[in-house]
Amino acid sequence: MIDVVYFAWVRERIGLPRERVETRAATVADLVAELSAREERYAAAFADISALRVALDQELSEFDAPLAGVREVAFFPPMTGG
Amino acid sequence: MRIAVQSAPFDAAAEIAGFGAGTNAGALVTFTGLVRDDSGRMQALELEHYPGMTERAIAKIAEEAMTRWSLADCLVIHRFGRLTVGEPIMMVATAARHRAAAFEAAEFLMDYLKSRAPFWKKEISPDGTCWVAAKASDEDALTRW
């Protein structure tokens with residue numbers, strides 16, 4: 001089980017802020033493929049991953065990163081702080 | 001070094017009272033960012049953030065600034081939640097022996113907070129709501145560091 005969290009328009013498009021996901025995905029990209037296959041709202045949110053960023057256990061990461069040992073995956077658009 | 005991520009307003013003048021005191025710093029730089037209305041129709045700005053990661057990401061950026069410019073002290077305050085036009089949204093303060101280091105470190109902090117601190121801005125106007133898109137120029141600004 002892994003916690004998956006969504007922010008900003010990704011959260012709005014998927015329709016929830018957080019969920020627990022049963023997965024055997026080896027990498028972030030594998031998890032994205034699994035989620036996208038679930039329902040249209042996921043496929044829409046993940047249609048262009050170049051427009052998204054990912055954090056693993058609250059550290060910015062990459063889509064080819066392994067998920068072994070990771071507890072929380074977050075998907076969000078490029079950040080707009082400051 | 002102090003990091004605060006909060007929804008409450010802050011008073012920039014009060015925040016820097018005593019900042020850098022007793023450190024023999026010769027320069028103190030502060031920057032305050034205000035909510036700006038580019039469209040002329042904005043009613044509010046809503047800032048979403050990633051609790052936990054936000055504090056960690058800002059601390060990492062501030063620690064790098066402390067080391068790289070040998071800062072005597074460093075302060076970052078960033079708000080989240082619903083803000084109105086003209087309200088202070090964030091501030092940074094740096095204290096260093098000399099002004100070049102204090103100015104540069106403040107600019108470094110600002111550049112990194114823009115695209116490496118997990119905040120997302122949404123503009124609210126009578127026409128609806130709109131997520132603010134990240135600018136390529138903000139990402140490019142990181143290359144100079």
# chains A, B, ... in the order shown; residues from 1 in each chain; ligands from 1
$ residues_around --residues "A:Leu56" --least-positions-apart "6" --cutoff "8 Å" --atoms "only C-alpha atoms" --output "CSV table (one decimal) with all heavy atoms, in the first residue's frame"
chain,number,residue,atom,x,y,z
A,70,VAL,N,9.0,3.5,-0.7
A,70,VAL,CA,8.4,4.8,-0.6
A,70,VAL,C,7.0,4.7,0.0
A,70,VAL,O,6.2,3.7,-0.3
A,70,VAL,CB,8.2,5.4,-2.1
A,70,VAL,CG1,7.4,6.6,-2.1
A,70,VAL,CG2,9.6,5.7,-2.6
A,71,ARG,N,6.7,5.6,0.9
A,71,ARG,CA,5.4,5.6,1.6
A,71,ARG,C,4.4,6.5,1.0
A,71,ARG,O,3.2,6.3,1.0
A,71,ARG,CB,5.6,5.9,3.1
A,71,ARG,CG,6.2,4.7,3.9
A,71,ARG,CD,6.6,5.1,5.3
A,71,ARG,NE,7.5,6.3,5.2
A,71,ARG,CZ,7.9,7.0,6.2
A,71,ARG,NH1,7.5,6.7,7.4
A,71,ARG,NH2,8.8,7.9,6.1
A,72,GLU,N,4.9,7.7,0.5
A,72,GLU,CA,4.0,8.7,0.0
A,72,GLU,C,4.5,9.2,-1.4
A,72,GLU,O,5.6,9.7,-1.5
A,72,GLU,CB,3.9,9.8,1.0
A,72,GLU,CG,2.9,10.9,0.7
A,72,GLU,CD,2.7,11.9,1.8
A,72,GLU,OE1,2.0,11.6,2.8
A,72,GLU,OE2,3.3,13.0,1.8
A,73,VAL,N,3.6,9.2,-2.3
A,73,VAL,CA,3.9,9.8,-3.7
A,73,VAL,C,3.0,10.9,-3.9
A,73,VAL,O,1.8,10.8,-3.6
A,73,VAL,CB,3.6,8.7,-4.8
A,73,VAL,CG1,3.9,9.3,-6.2
A,73,VAL,CG2,4.4,7.4,-4.5
A,74,ALA,N,3.5,12.1,-4.3
A,74,ALA,CA,2.7,13.2,-4.6
A,74,ALA,C,2.8,13.7,-6.0
A,74,ALA,O,3.9,13.7,-6.6
A,74,ALA,CB,3.1,14.4,-3.6
$ select_by_dssp --residues "stretch 8-75 of chain A" --states "strand (DSSP E or B)" --output "PyMOL selection string"
chain A and resi 18-21+27+53-56+59-61+66+72-75
$ closest_atom_pairs --of "chain A" --to "chain B" --cutoff "9 Å" --atoms "only C-alpha atoms" --output "tab-separated table"
residue	atom	partner	partner_atom	distance
A:Phe7	CA	B:Tyr50	CA	7.7
A:Ala8	CA	B:Trp120	CA	6.3
A:Trp9	CA	B:Trp131	CA	7.2
A:Ala55	CA	B:Met53	CA	8.9
A:Asp57	CA	B:Met53	CA	8.4
A:Gln58	CA	B:Met53	CA	4.9
A:Glu59	CA	B:Met53	CA	7.1
A:Leu60	CA	B:Arg116	CA	8.5
A:Phe76	CA	B:Pro118	CA	8.7
A:Pro77	CA	B:Trp120	CA	8.0
A:Pro78	CA	B:Ala134	CA	5.9
A:Met79	CA	B:Ser115	CA	5.1
A:Thr80	CA	B:Trp120	CA	5.0
A:Gly81	CA	B:Lys114	CA	4.2
A:Gly82	CA	B:Lys114	CA	4.6
$ write_last_selection --atoms "C-alpha atoms" --output "compact mmCIF listing (two decimals), in the first residue's frame"
# COMPACT_ATOMS: atom_id res chain seq x y z
CA PHE A 7 -2.35 19.02 -5.43
CA ALA A 8 -3.75 21.99 -7.36
CA TRP A 9 -5.40 21.16 -10.71
CA ALA A 55 7.65 14.00 -4.96
CA ASP A 57 8.24 11.00 0.66
CA GLN A 58 8.17 14.78 0.31
CA GLU A 59 11.34 15.07 -1.79
CA LEU A 60 11.17 16.19 -5.41
CA PHE A 76 1.34 18.23 -8.75
CA PRO A 77 1.90 20.90 -11.40
CA PRO A 78 5.11 22.98 -11.45
CA MET A 79 5.25 25.02 -8.25
CA THR A 80 4.38 28.71 -8.09
CA GLY A 81 5.67 29.99 -4.78
CA GLY A 82 7.18 33.35 -3.92
$ select_by_dssp --residues "chain A" --states "helix (DSSP H, G or I)" --output "PyMOL selection string"
chain A and resi 8-14+28-38+40-45+49-51
$ closest_residue --among "A:Val54, A:Leu35, A:Asp48, A:Ser61" --to "A:Ile14" --atoms "only C-alpha atoms"
A:Leu35
$ residues_around --residues "A:Thr23" --least-positions-apart "3" --cutoff "8 Å" --atoms "only C-alpha atoms" --output "NGL selection string"
:A and (1-2 or 31)
$ closest_residue --among "B:Phe31, B:Ala44, B:Ala72, B:Pro88" --to "B:Phe108" --atoms "only C-alpha atoms"
B:Phe31
$ residues_around --residues "B:Ala62" --least-positions-apart "4" --cutoff "9 Å" --atoms "only C-alpha atoms" --output "list in words"
Met1, Arg2, Ile3, Ala57, Ile58, Met66, Thr67, Cys74, Leu75, Val76, Ala105 and Leu109 of chain B
$ write_last_selection --atoms "N, CA, C and O atoms" --output "compact mmCIF listing (two decimals), in the first residue's frame"
# COMPACT_ATOMS: atom_id res chain seq x y z
N MET B 1 18.37 30.93 12.00
CA MET B 1 17.52 30.67 10.84
C MET B 1 16.10 30.38 11.33
O MET B 1 15.92 29.64 12.28
N ARG B 2 15.13 31.01 10.66
CA ARG B 2 13.75 30.74 11.05
C ARG B 2 12.88 30.61 9.80
O ARG B 2 12.99 31.43 8.88
N ILE B 3 12.05 29.57 9.78
CA ILE B 3 11.14 29.33 8.66
C ILE B 3 9.73 29.33 9.25
O ILE B 3 9.48 28.64 10.24
N ALA B 57 11.30 21.73 2.25
CA ALA B 57 11.89 22.30 1.03
C ALA B 57 12.47 23.68 1.33
O ALA B 57 13.58 24.00 0.90
N ILE B 58 11.73 24.50 2.09
CA ILE B 58 12.22 25.84 2.40
C ILE B 58 13.45 25.76 3.30
O ILE B 58 14.43 26.49 3.10
N MET B 66 22.50 29.83 3.80
CA MET B 66 23.30 30.09 5.01
C MET B 66 24.76 29.70 4.78
O MET B 66 25.67 30.44 5.12
N THR B 67 24.94 28.50 4.18
CA THR B 67 26.29 27.98 3.97
C THR B 67 27.02 28.74 2.87
O THR B 67 28.15 29.17 3.04
N CYS B 74 19.02 34.11 8.73
CA CYS B 74 18.16 34.00 7.55
C CYS B 74 16.73 33.75 8.03
O CYS B 74 16.51 32.97 8.96
N LEU B 75 15.78 34.44 7.42
CA LEU B 75 14.37 34.31 7.81
C LEU B 75 13.52 34.13 6.55
O LEU B 75 13.71 34.84 5.56
N VAL B 76 12.62 33.17 6.57
CA VAL B 76 11.66 33.01 5.46
C VAL B 76 10.27 32.84 6.06
O VAL B 76 10.05 31.97 6.90
N ALA B 105 22.13 36.37 -1.49
CA ALA B 105 21.45 35.27 -0.80
C ALA B 105 19.93 35.49 -0.83
O ALA B 105 19.17 34.54 -1.00
N LEU B 109 17.29 32.94 -2.52
CA LEU B 109 16.12 32.42 -1.79
C LEU B 109 14.85 32.67 -2.60
O LEU B 109 14.02 31.77 -2.76
$ closest_residue --among "A:Phe75, A:Arg53, A:Arg13, A:Ala68" --to "A:Ala25" --atoms "only C-alpha atoms"
A:Ala68
